[in-house]
>>> print(open('coords-v2.csv').read())   # CSV, C-alpha atoms
chain,number,residue,atom,x,y,z
A,130,MET,CA,132.2,11.7,55.6
A,131,THR,CA,131.5,10.2,59.0
A,132,SER,CA,133.0,13.2,60.7
A,133,LEU,CA,130.7,15.5,58.7
A,134,ASP,CA,127.5,13.4,58.9
A,135,GLN,CA,127.6,12.6,62.6
A,136,GLY,CA,129.6,15.8,63.5
A,137,LEU,CA,129.1,19.1,61.7
A,138,LYS,CA,125.9,18.0,60.0
A,139,ASN,CA,124.4,16.9,63.3
A,140,PRO,CA,123.2,20.2,64.9
A,141,PRO,CA,123.4,19.3,68.6
A,142,VAL,CA,126.9,18.0,68.1
A,143,ARG,CA,127.9,20.8,65.7
A,144,TRP,CA,127.3,23.6,68.1
A,145,VAL,CA,129.3,22.0,70.9
A,146,MET,CA,132.2,21.3,68.5
A,147,LEU,CA,132.2,24.9,67.3
A,148,ALA,CA,132.6,26.1,70.9
A,149,ALA,CA,135.7,23.9,71.3
A,150,PRO,CA,138.3,26.1,69.6
A,151,PHE,CA,137.5,29.0,72.0
A,152,THR,CA,137.4,26.9,75.2
A,153,GLY,CA,140.3,24.7,74.2
A,154,GLY,CA,142.5,27.6,73.0
A,155,VAL,CA,141.9,29.6,76.1
A,156,SER,CA,142.4,26.7,78.5
A,157,ILE,CA,145.8,25.8,77.1
A,158,PHE,CA,147.0,29.4,77.4
A,159,ALA,CA,145.4,30.1,80.8
A,160,PHE,CA,147.2,27.1,82.3
A,161,TYR,CA,150.7,27.6,80.9
A,162,ALA,CA,150.6,31.4,81.3
A,163,MET,CA,149.6,31.1,85.0
A,164,GLN,CA,153.0,29.7,86.0
A,165,PRO,CA,155.1,32.6,84.9
A,166,TYR,CA,152.3,35.0,86.0
A,167,LEU,CA,152.3,33.7,89.5
A,168,LEU,CA,156.1,34.1,89.6
A,169,GLU,CA,155.6,37.7,88.5
A,170,LEU,CA,153.0,38.3,91.1
A,171,TYR,CA,155.0,36.6,93.8
A,172,GLY,CA,157.9,38.9,93.1
A,173,ASP,CA,160.6,36.3,92.8
A,174,GLU,CA,161.2,34.8,89.4
A,175,LYS,CA,163.5,32.2,90.9
A,176,ALA,CA,160.8,30.8,93.2
A,177,TYR,CA,160.3,27.8,91.0
A,178,GLY,CA,158.2,26.1,93.6
A,179,VAL,CA,155.5,28.7,92.9
A,180,ALA,CA,155.4,27.6,89.3
A,181,GLY,CA,155.0,24.0,90.4
A,182,LEU,CA,152.2,25.2,92.7
A,183,ALA,CA,150.2,26.2,89.7
A,184,ALA,CA,150.4,22.7,88.2
A,185,ALA,CA,149.6,21.1,91.6
A,186,ILE,CA,146.6,23.3,92.1
A,187,VAL,CA,145.1,22.5,88.7
A,188,ALA,CA,145.7,18.8,89.2
A,189,GLY,CA,144.1,18.8,92.7
A,190,ALA,CA,141.2,21.0,91.5
A,191,GLN,CA,140.5,18.6,88.6
A,192,ILE,CA,140.3,15.7,91.0
A,193,ALA,CA,137.9,17.6,93.2
A,194,GLY,CA,135.9,18.8,90.2
A,195,GLY,CA,135.5,15.2,89.0
A,196,LEU,CA,134.2,14.2,92.4
A,197,LEU,CA,131.6,17.0,92.3
A,198,VAL,CA,130.1,16.0,89.0
A,199,PRO,CA,127.5,13.6,90.5
A,200,TYR,CA,126.3,16.3,92.8
A,201,ILE,CA,126.0,18.8,89.9
A,202,GLY,CA,123.5,16.5,88.3
A,203,ARG,CA,121.2,17.0,91.2
A,204,ILE,CA,121.1,20.8,90.6
A,205,TYR,CA,120.8,21.0,86.8
A,206,LYS,CA,118.3,19.4,84.5
A,207,ARG,CA,120.4,19.8,81.3
A,208,ARG,CA,124.0,19.1,80.5
A,209,THR,CA,124.2,22.2,78.4
A,210,SER,CA,123.1,24.2,81.4
A,211,VAL,CA,126.2,22.9,83.2
A,212,LEU,CA,128.4,23.8,80.2
A,213,ILE,CA,127.0,27.3,79.9
A,214,THR,CA,127.4,27.9,83.6
A,215,CYS,CA,131.0,26.8,83.5
A,216,GLU,CA,131.8,28.8,80.4
A,217,VAL,CA,130.3,32.0,81.9
A,218,LEU,CA,132.0,31.5,85.2
A,219,SER,CA,135.3,30.9,83.4
A,220,VAL,CA,134.9,34.3,81.6
A,221,VAL,CA,134.3,35.9,85.0
A,222,VAL,CA,137.3,34.1,86.6
A,223,LEU,CA,139.7,34.9,83.8
A,224,GLY,CA,138.5,38.5,83.8
A,225,ILE,CA,139.1,39.0,87.5
A,226,VAL,CA,142.6,37.4,87.2
A,227,GLY,CA,143.3,40.2,84.7
A,228,LEU,CA,141.7,43.0,86.6
A,229,VAL,CA,143.1,42.1,90.1
A,230,PRO,CA,146.8,41.3,89.8
A,231,ASN,CA,147.3,39.8,93.2
A,232,PHE,CA,149.1,36.6,94.0
A,233,TRP,CA,146.6,35.1,96.4
A,234,VAL,CA,143.6,36.2,94.4
A,235,ALA,CA,145.1,34.5,91.4
A,236,VAL,CA,145.8,31.3,93.3
A,237,ILE,CA,142.2,31.1,94.6
A,238,LEU,CA,140.8,31.8,91.1
A,239,LEU,CA,143.1,29.2,89.7
A,240,VAL,CA,141.4,26.6,92.0
A,241,LEU,CA,138.0,27.7,90.9
A,242,TRP,CA,138.9,27.6,87.2
A,243,GLY,CA,140.3,24.1,87.7
A,244,LEU,CA,137.1,22.9,89.4
A,245,MET,CA,135.0,24.3,86.5
A,246,PHE,CA,137.2,22.8,83.8
A,247,ALA,CA,137.2,19.4,85.6
A,248,ALA,CA,133.4,19.4,86.0
A,249,ALA,CA,132.6,20.5,82.4
A,250,THR,CA,134.9,18.0,80.6
A,251,PRO,CA,133.1,14.8,81.5
A,252,VAL,CA,129.7,16.4,81.1
A,253,ARG,CA,130.5,17.6,77.6
A,254,GLN,CA,131.9,14.1,76.8
A,255,GLY,CA,128.7,12.5,78.0
A,256,TYR,CA,126.6,14.8,76.0
A,257,LEU,CA,128.5,14.0,72.8
A,258,ASN,CA,128.8,10.3,73.4
A,259,ALA,CA,125.1,9.8,73.6
A,260,LEU,CA,124.5,11.6,70.3
A,261,ILE,CA,127.1,9.7,68.2
A,262,PRO,CA,126.6,6.0,67.2
A,263,SER,CA,129.2,3.8,68.9
A,264,ALA,CA,130.6,2.6,65.5
A,265,GLN,CA,131.4,6.2,64.5
A,266,ARG,CA,132.2,7.6,67.9
A,267,ALA,CA,136.0,7.4,67.8
A,268,THR,CA,136.2,9.1,64.4
A,269,VAL,CA,133.9,11.9,65.3
A,270,LEU,CA,135.5,12.5,68.7
A,271,SER,CA,138.9,12.6,67.0
A,272,PHE,CA,137.5,15.3,64.7
A,273,ASP,CA,136.1,17.2,67.8
A,274,SER,CA,139.6,17.0,69.3
A,275,VAL,CA,141.0,18.6,66.2
A,276,PHE,CA,138.7,21.6,66.7
A,277,GLY,CA,139.9,22.0,70.3
A,278,SER,CA,143.6,21.7,69.3
A,279,THR,CA,143.1,24.1,66.4
A,280,GLY,CA,142.0,26.7,69.0
A,281,GLY,CA,145.2,26.1,70.9
A,282,VAL,CA,147.4,26.4,67.7
A,283,VAL,CA,145.7,29.7,66.7
A,284,LEU,CA,144.9,31.4,70.0
A,285,GLN,CA,147.9,30.5,72.1
A,286,PRO,CA,150.4,32.4,70.0
A,287,LEU,CA,148.1,35.4,69.8
A,288,LEU,CA,147.4,35.5,73.6
A,289,GLY,CA,151.1,34.9,74.2
A,290,LYS,CA,152.0,37.9,72.0
A,291,ALA,CA,149.5,40.0,74.0
A,292,ALA,CA,151.2,38.9,77.2
A,293,ASP,CA,154.6,39.9,75.8
A,294,VAL,CA,153.4,43.3,74.6
A,295,TRP,CA,150.9,44.4,77.3
A,296,GLY,CA,151.5,42.0,80.1
A,297,TYR,CA,149.8,39.0,81.6
A,298,PRO,CA,146.8,40.9,83.1
A,299,VAL,CA,145.8,42.1,79.6
A,300,SER,CA,146.3,38.7,78.1
A,301,TYR,CA,143.9,37.2,80.7
A,302,LEU,CA,141.3,39.9,79.8
A,303,PHE,CA,141.7,38.9,76.2
A,304,SER,CA,141.3,35.3,77.2
A,305,ALA,CA,138.1,36.1,79.0
A,306,SER,CA,136.8,37.8,75.9
A,307,VAL,CA,137.7,34.8,73.7
A,308,GLN,CA,136.1,32.4,76.1
A,309,ALA,CA,132.9,34.3,75.9
A,310,PHE,CA,132.5,33.3,72.2
A,311,ALA,CA,131.9,29.7,73.3
A,312,VAL,CA,128.7,30.6,75.2
A,313,PRO,CA,126.5,31.4,72.1
A,314,PHE,CA,127.4,28.1,70.5
A,315,THR,CA,126.6,26.1,73.6
A,316,TRP,CA,123.3,28.0,73.9
A,317,LEU,CA,122.5,27.0,70.3
A,318,ALA,CA,123.2,23.4,71.3
A,319,ARG,CA,120.7,23.8,74.2
A,320,ARG,CA,118.0,25.0,71.8
A,321,GLU,CA,118.3,21.8,69.8
A,322,LYS,CA,116.8,20.0,72.8
A,323,ALA,CA,118.8,16.8,72.2
A,324,LYS,CA,117.7,13.7,74.2
A,325,SER,CA,121.2,13.5,75.7
A,326,ASP,CA,120.9,17.0,77.1
A,327,VAL,CA,118.3,16.0,79.6
A,328,ILE,CA,119.5,14.7,83.0
A,329,THR,CA,117.1,12.2,84.6
A,330,ALA,CA,117.2,10.0,87.7
A,331,LYS,CA,118.1,7.1,85.4
A,332,THR,CA,120.8,8.9,83.5
A,333,LYS,CA,124.2,9.6,84.7
A,334,LEU,CA,125.5,13.0,84.0
A,335,THR,CA,128.6,11.9,82.3
A,336,LYS,CA,127.2,9.0,80.2
>>> encode(input="coords-v2.csv", output="structure tokens")
Amino acid sequence: MTSLDQGLKNPPVRWVMLAAPFTGGVSIFAFYAMQPYLLELYGDEKAYGVAGLAAAIVAGAQIAGGLLVPYIGRIYKRRTSVLITCEVLSVVVLGIVGLVPNFWVAVILLVLWGLMFAAATPVRQGYLNALIPSAQRATVLSFDSVFGSTGGVVLQPLLGKAADVWGYPVSYLFSASVQAFAVPFTWLARREKAKSDVITAKTKLTK
């Protein structure tokens, strides 16, 4: 009942949670598919260092993205604005990855995607934490995690099948389309005008 009362029955929380399956599912696929895709673009399937490069790029981009979060708070007035921007840019990045099958383009876009993912994650967490009583927070956040994981369980096999049948470029175009479904839900969360959505001089972006 706690998960429902403080989660799905709480509109500002509900909309962000409903966006999670799309964002979570696409993120899992986009990361793991990038390694074999880079090998394919590189032209040497035995160049395993290239596959490792994908993981290193994402890790480095996430560190850099986390460091950028305080500066993002100086630009935006609402947390949902940050989330919507990252979601829209993710759609664009994934779409370009599919439309421009070039090794170096894919590497650059992977860096940008990692930065956006790293910036959005703590902002989203801060938004939810402030809306859920501390006593119920662990339970509700676990429920939220289930939503994101469900997206991975359902979408990853479908996107993987698309990659097998039509190739990685098409699968990334599908990924961009799926990611786009997260935007309306985050927009609905923005319309709720939750107190935790507003970023003030006294409020840290991630808390």
>>> closest_residue(input="coords-v2.csv", among="A:Pro251, A:Pro230, A:Gly281, A:Gly194", to="Tyr166 (chain A)", atoms="all atoms listed in the file")
A:Pro230
>>> residues_around(input="coords-v2.csv", residues="region 153-156 of chain A", least_positions_apart="3", cutoff="10 Å", atoms="only C-alpha atoms", output="number ranges by chain")
A: 148-150, 159-162, 219, 223, 242-243, 246, 274, 276-286, 288, 301, 303-308, 311
>>> atom_distance(input="coords-v2.csv", atom1="CA of Ala190 (chain A)", atom2="CA of Asp173 (chain A)")
24.7 Å
>>> closest_residue(input="coords-v2.csv", among="A:Ala292, A:Ala183, A:Ile192, A:Val198", to="Ala249 (chain A)", atoms="only C-alpha atoms")
A:Val198
>>> atom_distance(input="coords-v2.csv", atom1="CA of Thr152 (chain A)", atom2="CA of Gly172 (chain A)")
29.7 Å
>>> residues_near_point(input="coords-v2.csv", point="(117.1, 18.5, 86.1)", cutoff="10 Å", atoms="only C-alpha atoms", output="compact mmCIF listing (two decimals) with C-alpha atoms, in the coordinates of the input")
# COMPACT_ATOMS: atom_id res chain seq x y z
CA ILE A 201 126.00 18.80 89.90
CA GLY A 202 123.50 16.50 88.30
CA ARG A 203 121.20 17.00 91.20
CA ILE A 204 121.10 20.80 90.60
CA TYR A 205 120.80 21.00 86.80
CA LYS A 206 118.30 19.40 84.50
CA ARG A 207 120.40 19.80 81.30
CA ARG A 208 124.00 19.10 80.50
CA SER A 210 123.10 24.20 81.40
CA ASP A 326 120.90 17.00 77.10
CA VAL A 327 118.30 16.00 79.60
CA ILE A 328 119.50 14.70 83.00
CA THR A 329 117.10 12.20 84.60
CA ALA A 330 117.20 10.00 87.70
>>> closest_residue(input="coords-v2.csv", among="A:Gly195, A:Gly178, A:Gly189, A:Pro141", to="Ala247 (chain A)", atoms="all atoms listed in the file")
A:Gly195
>>> closest_residue(input="coords-v2.csv", among="A:Ala184, A:Ala193, A:Ile157, A:Ala176", to="Leu244 (chain A)", atoms="only C-alpha atoms")
A:Ala193
>>> atom_distance(input="coords-v2.csv", atom1="CA of Val179 (chain A)", atom2="CA of Gln164 (chain A)")
7.4 Å
>>> closest_residue(input="coords-v2.csv", among="A:Ile186, A:Leu212, A:Leu170, A:Ala259", to="Ala318 (chain A)", atoms="all atoms listed in the file")
A:Leu212
>>> residues_around(input="coords-v2.csv", residues="Phe314 (chain A)", least_positions_apart="3", cutoff="9 Å", atoms="all atoms listed in the file", output="ChimeraX atom specification")
/A:143-148,310-311,317-319
>>> closest_residue(input="coords-v2.csv", among="A:Val217, A:Val226, A:Val142, A:Val294", to="Leu239 (chain A)", atoms="all atoms listed in the file")
A:Val226
